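See below for data_28.cif, which holds mmCIF, N, CA and C atoms.
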```
data_query
loop_
_atom_site.label_atom_id
_atom_site.label_comp_id
_atom_site.auth_asym_id
_atom_site.auth_seq_id
_atom_site.Cartn_x
_atom_site.Cartn_y
_atom_site.Cartn_z
N MET A 1 -86.88 79.58 86.72
CA MET A 1 -85.68 79.86 87.46
C MET A 1 -84.95 78.54 87.70
N GLU A 2 -83.62 78.58 87.60
CA GLU A 2 -82.82 77.39 87.79
C GLU A 2 -82.70 77.05 89.28
N LYS A 3 -82.59 75.78 89.52
CA LYS A 3 -82.42 75.32 90.89
C LYS A 3 -80.94 75.48 91.27
N ILE A 4 -80.68 76.05 92.44
CA ILE A 4 -79.32 76.26 92.91
C ILE A 4 -78.91 75.08 93.78
N GLU A 5 -77.74 74.55 93.50
CA GLU A 5 -77.21 73.46 94.30
C GLU A 5 -76.27 74.03 95.35
N TYR A 6 -76.18 73.34 96.48
CA TYR A 6 -75.38 73.81 97.60
C TYR A 6 -74.40 72.74 98.03
N THR A 7 -73.30 73.19 98.60
CA THR A 7 -72.32 72.31 99.22
C THR A 7 -72.31 72.60 100.71
N LYS A 8 -72.40 71.56 101.50
CA LYS A 8 -72.41 71.74 102.95
C LYS A 8 -70.97 71.79 103.46
N VAL A 9 -70.62 72.89 104.11
CA VAL A 9 -69.31 73.06 104.73
C VAL A 9 -69.55 73.34 106.20
N ARG A 10 -69.24 72.37 107.02
CA ARG A 10 -69.53 72.41 108.45
C ARG A 10 -71.02 72.68 108.65
N ASP A 11 -71.39 73.82 109.22
CA ASP A 11 -72.80 74.12 109.47
C ASP A 11 -73.43 75.01 108.39
N TYR A 12 -72.68 75.30 107.35
CA TYR A 12 -73.15 76.25 106.34
C TYR A 12 -73.41 75.58 105.01
N ASN A 13 -74.43 76.05 104.32
CA ASN A 13 -74.70 75.63 102.95
C ASN A 13 -74.21 76.75 102.03
N ILE A 14 -73.21 76.43 101.22
CA ILE A 14 -72.62 77.42 100.32
C ILE A 14 -73.09 77.10 98.90
N PRO A 15 -73.64 78.11 98.18
CA PRO A 15 -74.13 77.85 96.81
C PRO A 15 -72.98 77.56 95.85
N ASN A 16 -73.23 76.65 94.93
CA ASN A 16 -72.26 76.33 93.88
C ASN A 16 -72.55 77.25 92.69
N LEU A 17 -71.91 78.39 92.66
CA LEU A 17 -72.14 79.37 91.60
C LEU A 17 -70.92 79.46 90.69
N VAL A 18 -71.17 79.40 89.39
CA VAL A 18 -70.11 79.51 88.40
C VAL A 18 -70.59 80.44 87.30
N MET A 19 -69.76 81.45 86.97
CA MET A 19 -70.09 82.36 85.88
C MET A 19 -69.60 81.76 84.56
N GLU A 20 -70.40 81.92 83.52
CA GLU A 20 -69.99 81.49 82.20
C GLU A 20 -68.98 82.48 81.65
N LYS A 21 -67.96 81.96 80.95
CA LYS A 21 -66.97 82.84 80.35
C LYS A 21 -67.50 83.38 79.04
N GLU A 22 -67.30 84.68 78.83
CA GLU A 22 -67.70 85.28 77.57
C GLU A 22 -66.54 85.16 76.59
N GLN A 23 -66.87 84.98 75.33
CA GLN A 23 -65.86 84.93 74.29
C GLN A 23 -65.42 86.35 73.97
N ILE A 24 -64.16 86.66 74.18
CA ILE A 24 -63.63 87.99 73.91
C ILE A 24 -63.40 88.11 72.40
N PRO A 25 -63.91 89.19 71.79
CA PRO A 25 -63.75 89.34 70.34
C PRO A 25 -62.28 89.53 69.97
N ASP A 26 -61.91 89.00 68.80
CA ASP A 26 -60.56 89.18 68.30
C ASP A 26 -60.42 90.60 67.78
N GLY A 27 -59.26 91.13 67.89
CA GLY A 27 -59.00 92.46 67.36
C GLY A 27 -58.11 93.24 68.31
N LYS A 28 -57.25 94.01 67.72
CA LYS A 28 -56.28 94.80 68.48
C LYS A 28 -56.96 95.75 69.45
N TYR A 29 -57.96 96.45 68.99
CA TYR A 29 -58.58 97.50 69.81
C TYR A 29 -59.45 96.92 70.92
N ALA A 30 -60.06 95.78 70.67
CA ALA A 30 -60.84 95.10 71.71
C ALA A 30 -59.91 94.63 72.83
N ARG A 31 -58.76 94.06 72.44
CA ARG A 31 -57.79 93.60 73.45
C ARG A 31 -57.21 94.77 74.23
N MET A 32 -56.94 95.89 73.54
CA MET A 32 -56.42 97.08 74.22
C MET A 32 -57.43 97.63 75.22
N ARG A 33 -58.70 97.66 74.82
CA ARG A 33 -59.75 98.17 75.71
C ARG A 33 -59.92 97.24 76.92
N LEU A 34 -59.87 95.95 76.69
CA LEU A 34 -59.99 94.99 77.78
C LEU A 34 -58.85 95.17 78.78
N ARG A 35 -57.63 95.32 78.28
CA ARG A 35 -56.47 95.54 79.15
C ARG A 35 -56.64 96.83 79.96
N TYR A 36 -57.12 97.88 79.29
CA TYR A 36 -57.34 99.17 79.96
C TYR A 36 -58.40 99.05 81.05
N LEU A 37 -59.50 98.39 80.74
CA LEU A 37 -60.57 98.22 81.73
C LEU A 37 -60.07 97.45 82.95
N LYS A 38 -59.34 96.38 82.72
CA LYS A 38 -58.85 95.56 83.83
C LYS A 38 -57.88 96.32 84.71
N LYS A 39 -57.05 97.17 84.10
CA LYS A 39 -56.01 97.87 84.85
C LYS A 39 -56.49 99.18 85.46
N GLU A 40 -57.22 99.98 84.70
CA GLU A 40 -57.55 101.34 85.11
C GLU A 40 -59.00 101.53 85.57
N LYS A 41 -59.92 100.74 85.06
CA LYS A 41 -61.35 100.91 85.35
C LYS A 41 -61.92 99.59 85.87
N LYS A 42 -61.42 99.15 86.99
CA LYS A 42 -61.79 97.83 87.52
C LYS A 42 -63.28 97.70 87.82
N ALA A 43 -63.88 98.76 88.35
CA ALA A 43 -65.31 98.70 88.67
C ALA A 43 -66.15 98.58 87.40
N GLU A 44 -65.82 99.38 86.40
CA GLU A 44 -66.55 99.31 85.13
C GLU A 44 -66.40 97.93 84.49
N TYR A 45 -65.20 97.37 84.56
CA TYR A 45 -64.95 96.03 84.03
C TYR A 45 -65.83 95.00 84.74
N GLN A 46 -65.87 95.07 86.06
CA GLN A 46 -66.68 94.12 86.83
C GLN A 46 -68.16 94.25 86.51
N ILE A 47 -68.64 95.48 86.36
CA ILE A 47 -70.05 95.71 86.04
C ILE A 47 -70.39 95.11 84.67
N LEU A 48 -69.54 95.39 83.68
CA LEU A 48 -69.77 94.84 82.34
C LEU A 48 -69.72 93.31 82.36
N LEU A 49 -68.80 92.75 83.11
CA LEU A 49 -68.65 91.31 83.20
C LEU A 49 -69.87 90.67 83.87
N MET A 50 -70.32 91.25 84.98
CA MET A 50 -71.45 90.68 85.72
C MET A 50 -72.76 90.80 84.95
N ASN A 51 -72.91 91.87 84.18
CA ASN A 51 -74.13 92.08 83.40
C ASN A 51 -74.07 91.41 82.03
N LYS A 52 -72.99 90.69 81.78
CA LYS A 52 -72.76 90.01 80.50
C LYS A 52 -72.83 90.97 79.32
N LYS A 53 -72.25 92.15 79.51
CA LYS A 53 -72.21 93.16 78.46
C LYS A 53 -70.78 93.41 77.97
N LEU A 54 -69.80 92.71 78.52
CA LEU A 54 -68.40 92.93 78.16
C LEU A 54 -68.15 92.63 76.69
N ASN A 55 -68.64 91.51 76.21
CA ASN A 55 -68.45 91.12 74.82
C ASN A 55 -69.05 92.16 73.88
N GLU A 56 -70.26 92.59 74.19
CA GLU A 56 -70.94 93.59 73.37
C GLU A 56 -70.15 94.90 73.34
N HIS A 57 -69.66 95.31 74.51
CA HIS A 57 -68.89 96.55 74.63
C HIS A 57 -67.60 96.47 73.81
N LEU A 58 -66.87 95.36 73.95
CA LEU A 58 -65.60 95.21 73.25
C LEU A 58 -65.80 95.12 71.74
N THR A 59 -66.88 94.47 71.31
CA THR A 59 -67.18 94.39 69.88
C THR A 59 -67.47 95.77 69.32
N GLU A 60 -68.23 96.57 70.05
CA GLU A 60 -68.53 97.93 69.61
C GLU A 60 -67.25 98.77 69.51
N ILE A 61 -66.38 98.67 70.50
CA ILE A 61 -65.11 99.41 70.49
C ILE A 61 -64.27 98.99 69.29
N GLN A 62 -64.18 97.69 69.03
CA GLN A 62 -63.39 97.18 67.91
C GLN A 62 -63.93 97.71 66.58
N GLU A 63 -65.25 97.68 66.41
CA GLU A 63 -65.85 98.14 65.16
C GLU A 63 -65.64 99.63 64.95
N ARG A 64 -65.87 100.43 66.01
CA ARG A 64 -65.69 101.88 65.89
C ARG A 64 -64.25 102.25 65.59
N ALA A 65 -63.31 101.61 66.28
CA ALA A 65 -61.89 101.91 66.07
C ALA A 65 -61.46 101.50 64.67
N ALA A 66 -61.88 100.34 64.20
CA ALA A 66 -61.52 99.89 62.85
C ALA A 66 -62.08 100.84 61.80
N LYS A 67 -63.29 101.33 62.01
CA LYS A 67 -63.91 102.28 61.08
C LYS A 67 -63.11 103.59 61.06
N MET A 68 -62.70 104.06 62.23
CA MET A 68 -61.92 105.30 62.30
C MET A 68 -60.58 105.15 61.60
N VAL A 69 -59.92 104.01 61.79
CA VAL A 69 -58.63 103.77 61.14
C VAL A 69 -58.81 103.75 59.63
N LYS A 70 -59.86 103.10 59.16
CA LYS A 70 -60.12 103.03 57.72
C LYS A 70 -60.34 104.43 57.15
N GLU A 71 -61.12 105.24 57.85
CA GLU A 71 -61.37 106.61 57.38
C GLU A 71 -60.09 107.43 57.34
N ILE A 72 -59.25 107.28 58.34
CA ILE A 72 -57.97 108.02 58.37
C ILE A 72 -57.06 107.59 57.23
N VAL A 73 -56.99 106.29 57.00
CA VAL A 73 -56.14 105.78 55.90
C VAL A 73 -56.66 106.29 54.56
N GLU A 74 -57.97 106.30 54.36
CA GLU A 74 -58.54 106.80 53.10
C GLU A 74 -58.25 108.28 52.95
N LYS A 75 -58.34 109.04 54.02
CA LYS A 75 -58.07 110.48 53.98
C LYS A 75 -56.62 110.75 53.62
N ILE A 76 -55.69 109.99 54.21
CA ILE A 76 -54.28 110.16 53.91
C ILE A 76 -53.99 109.75 52.46
N ALA A 77 -54.65 108.69 52.00
CA ALA A 77 -54.45 108.23 50.62
C ALA A 77 -54.90 109.28 49.62
N LYS A 78 -56.00 109.98 49.92
CA LYS A 78 -56.47 111.05 49.02
C LYS A 78 -55.51 112.21 48.99
N GLN A 79 -54.89 112.51 50.13
CA GLN A 79 -53.94 113.62 50.20
C GLN A 79 -52.67 113.30 49.42
N GLU A 80 -52.29 112.05 49.37
CA GLU A 80 -51.08 111.64 48.65
C GLU A 80 -51.40 111.57 47.19
#
```

Written as structure tokens, how would this file's structure read?
Amino acid sequence: MEKIEYTKVRDYNIPNLVMEKEQIPDGKYARMRLRYLKKEKKAEYQILLMNKKLNEHLTEIQERAAKMVKEIVEKIAKQE
């Protein structure tokens, strides 16, 4: 376990806690999902962020959406 450092403020010791930033995956659908979570599903966004699952979630959304778009484009191409 890591040692926690504290800053003394008057009579209180306050922990120096900093969360690491996760790298947000590139992609239209990942960015759209992130915007939606931040605006409409704030609790779910916070849970994913705190559990360090946000990146994994957004990557999965991006991959699934890209796959669906590819399938739709192929289906339309066959019809034409």

Margin query: Give me, as a PyMOL selection string, the residues of chain A that a backbone DSSP run labels strand (DSSP E or B).
Written below: chain A and resi 6-9+12-15

Next item on the list: With a distance cut-off of 6.5 Å and all atoms listed in the file, select the neighbouring residues of stretch 54-68 of chain A, excluding the residue or stretch itself and same-chain residues fewer than 4 positions from it, and output the selection as an MDAnalysis selection string.
Entry: chainID A and resid 22:25 27 29:30 48:49 72:73

Next item on the list: Enumerate as a PyMOL selection string all residues of chain A assigned to alpha helix (DSSP H) by DSSP on the backbone, naming them with the chain letters and numbers the document uses.
Entry: chain A and resi 28-40+42-50+54-79

Keeping only N, CA and C atoms, write the selected residues as a compact mmCIF listing (two decimals), in the coordinates of the input.
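Generated output (again21.txt):
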```
# COMPACT_ATOMS: atom_id res chain seq x y z
N LYS A 28 -57.25 94.01 67.72
CA LYS A 28 -56.28 94.80 68.48
C LYS A 28 -56.96 95.75 69.45
N TYR A 29 -57.96 96.45 68.99
CA TYR A 29 -58.58 97.50 69.81
C TYR A 29 -59.45 96.92 70.92
N ALA A 30 -60.06 95.78 70.67
CA ALA A 30 -60.84 95.10 71.71
C ALA A 30 -59.91 94.63 72.83
N ARG A 31 -58.76 94.06 72.44
CA ARG A 31 -57.79 93.60 73.45
C ARG A 31 -57.21 94.77 74.23
N MET A 32 -56.94 95.89 73.54
CA MET A 32 -56.42 97.08 74.22
C MET A 32 -57.43 97.63 75.22
N ARG A 33 -58.70 97.66 74.82
CA ARG A 33 -59.75 98.17 75.71
C ARG A 33 -59.92 97.24 76.92
N LEU A 34 -59.87 95.95 76.69
CA LEU A 34 -59.99 94.99 77.78
C LEU A 34 -58.85 95.17 78.78
N ARG A 35 -57.63 95.32 78.28
CA ARG A 35 -56.47 95.54 79.15
C ARG A 35 -56.64 96.83 79.96
N TYR A 36 -57.12 97.88 79.29
CA TYR A 36 -57.34 99.17 79.96
C TYR A 36 -58.40 99.05 81.05
N LEU A 37 -59.50 98.39 80.74
CA LEU A 37 -60.57 98.22 81.73
C LEU A 37 -60.07 97.45 82.95
N LYS A 38 -59.34 96.38 82.72
CA LYS A 38 -58.85 95.56 83.83
C LYS A 38 -57.88 96.32 84.71
N LYS A 39 -57.05 97.17 84.10
CA LYS A 39 -56.01 97.87 84.85
C LYS A 39 -56.49 99.18 85.46
N GLU A 40 -57.22 99.98 84.70
CA GLU A 40 -57.55 101.34 85.11
C GLU A 40 -59.00 101.53 85.57
N LYS A 42 -61.42 99.15 86.99
CA LYS A 42 -61.79 97.83 87.52
C LYS A 42 -63.28 97.70 87.82
N ALA A 43 -63.88 98.76 88.35
CA ALA A 43 -65.31 98.70 88.67
C ALA A 43 -66.15 98.58 87.40
N GLU A 44 -65.82 99.38 86.40
CA GLU A 44 -66.55 99.31 85.13
C GLU A 44 -66.40 97.93 84.49
N TYR A 45 -65.20 97.37 84.56
CA TYR A 45 -64.95 96.03 84.03
C TYR A 45 -65.83 95.00 84.74
N GLN A 46 -65.87 95.07 86.06
CA GLN A 46 -66.68 94.12 86.83
C GLN A 46 -68.16 94.25 86.51
N ILE A 47 -68.64 95.48 86.36
CA ILE A 47 -70.05 95.71 86.04
C ILE A 47 -70.39 95.11 84.67
N LEU A 48 -69.54 95.39 83.68
CA LEU A 48 -69.77 94.84 82.34
C LEU A 48 -69.72 93.31 82.36
N LEU A 49 -68.80 92.75 83.11
CA LEU A 49 -68.65 91.31 83.20
C LEU A 49 -69.87 90.67 83.87
N MET A 50 -70.32 91.25 84.98
CA MET A 50 -71.45 90.68 85.72
C MET A 50 -72.76 90.80 84.95
N LEU A 54 -69.80 92.71 78.52
CA LEU A 54 -68.40 92.93 78.16
C LEU A 54 -68.15 92.63 76.69
N ASN A 55 -68.64 91.51 76.21
CA ASN A 55 -68.45 91.12 74.82
C ASN A 55 -69.05 92.16 73.88
N GLU A 56 -70.26 92.59 74.19
CA GLU A 56 -70.94 93.59 73.37
C GLU A 56 -70.15 94.90 73.34
N HIS A 57 -69.66 95.31 74.51
CA HIS A 57 -68.89 96.55 74.63
C HIS A 57 -67.60 96.47 73.81
N LEU A 58 -66.87 95.36 73.95
CA LEU A 58 -65.60 95.21 73.25
C LEU A 58 -65.80 95.12 71.74
N THR A 59 -66.88 94.47 71.31
CA THR A 59 -67.18 94.39 69.88
C THR A 59 -67.47 95.77 69.32
N GLU A 60 -68.23 96.57 70.05
CA GLU A 60 -68.53 97.93 69.61
C GLU A 60 -67.25 98.77 69.51
N ILE A 61 -66.38 98.67 70.50
CA ILE A 61 -65.11 99.41 70.49
C ILE A 61 -64.27 98.99 69.29
N GLN A 62 -64.18 97.69 69.03
CA GLN A 62 -63.39 97.18 67.91
C GLN A 62 -63.93 97.71 66.58
N GLU A 63 -65.25 97.68 66.41
CA GLU A 63 -65.85 98.14 65.16
C GLU A 63 -65.64 99.63 64.95
N ARG A 64 -65.87 100.43 66.01
CA ARG A 64 -65.69 101.88 65.89
C ARG A 64 -64.25 102.25 65.59
N ALA A 65 -63.31 101.61 66.28
CA ALA A 65 -61.89 101.91 66.07
C ALA A 65 -61.46 101.50 64.67
N ALA A 66 -61.88 100.34 64.20
CA ALA A 66 -61.52 99.89 62.85
C ALA A 66 -62.08 100.84 61.80
N LYS A 67 -63.29 101.33 62.01
CA LYS A 67 -63.91 102.28 61.08
C LYS A 67 -63.11 103.59 61.06
N MET A 68 -62.70 104.06 62.23
CA MET A 68 -61.92 105.30 62.30
C MET A 68 -60.58 105.15 61.60
N VAL A 69 -59.92 104.01 61.79
CA VAL A 69 -58.63 103.77 61.14
C VAL A 69 -58.81 103.75 59.63
N LYS A 70 -59.86 103.10 59.16
CA LYS A 70 -60.12 103.03 57.72
C LYS A 70 -60.34 104.43 57.15
N GLU A 71 -61.12 105.24 57.85
CA GLU A 71 -61.37 106.61 57.38
C GLU A 71 -60.09 107.43 57.34
N ILE A 72 -59.25 107.28 58.34
CA ILE A 72 -57.97 108.02 58.37
C ILE A 72 -57.06 107.59 57.23
N VAL A 73 -56.99 106.29 57.00
CA VAL A 73 -56.14 105.78 55.90
C VAL A 73 -56.66 106.29 54.56
N GLU A 74 -57.97 106.30 54.36
CA GLU A 74 -58.54 106.80 53.10
C GLU A 74 -58.25 108.28 52.95
N LYS A 75 -58.34 109.04 54.02
CA LYS A 75 -58.07 110.48 53.98
C LYS A 75 -56.62 110.75 53.62
N ILE A 76 -55.69 109.99 54.21
CA ILE A 76 -54.28 110.16 53.91
C ILE A 76 -53.99 109.75 52.46
N ALA A 77 -54.65 108.69 52.00
CA ALA A 77 -54.45 108.23 50.62
C ALA A 77 -54.90 109.28 49.62
N LYS A 78 -56.00 109.98 49.92
CA LYS A 78 -56.47 111.05 49.02
C LYS A 78 -55.51 112.21 48.99
N GLN A 79 -54.89 112.51 50.13
CA GLN A 79 -53.94 113.62 50.20
C GLN A 79 -52.67 113.30 49.42
```

Notebook entry, point to check: atom C of A:Lys28 and atom CA of A:Lys75, how far apart in Å?
Noted result: 21.4 Å

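Once A:Lys52 and its same-chain neighbours fewer than 5 positions away are set aside, Met19, Glu20, Lys21, Glu22, Gln46, Ile47 and His57 of chain A remain within 10 Å of it when counting only C-alpha atoms.
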
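We find atom CA of A:Ala43 and atom C of A:Val18 to be spaced 19.1 Å apart.
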
Next item on the list: Given the file shown, determine the residues that the PyMOL selection byres ((chain A and resi 4) around 6.5) selects; report them as a ChimeraX atom specification.
Entry: /A:2-3,5-6,15-16

Checklist line | Between atom N of A:Met50 and atom N of A:Lys38 - distance in Å to one decimal | finding: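 Going from atom N of A:Lys38 over to atom N of A:Met50, I get 12.3 Å.
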
Please enclose the listed atoms of stretch 54-66 of chain A in an axis-aligned box, pad each side by 6 Å, and write out the centre and the three edge lengths in Å, rounded to one decimal, as AutoDock Vina command-line options.
```
--center_x -66.2 --center_y 96.7 --center_z 70.2 --size_x 21.5 --size_y 23.1 --size_z 28.7
```
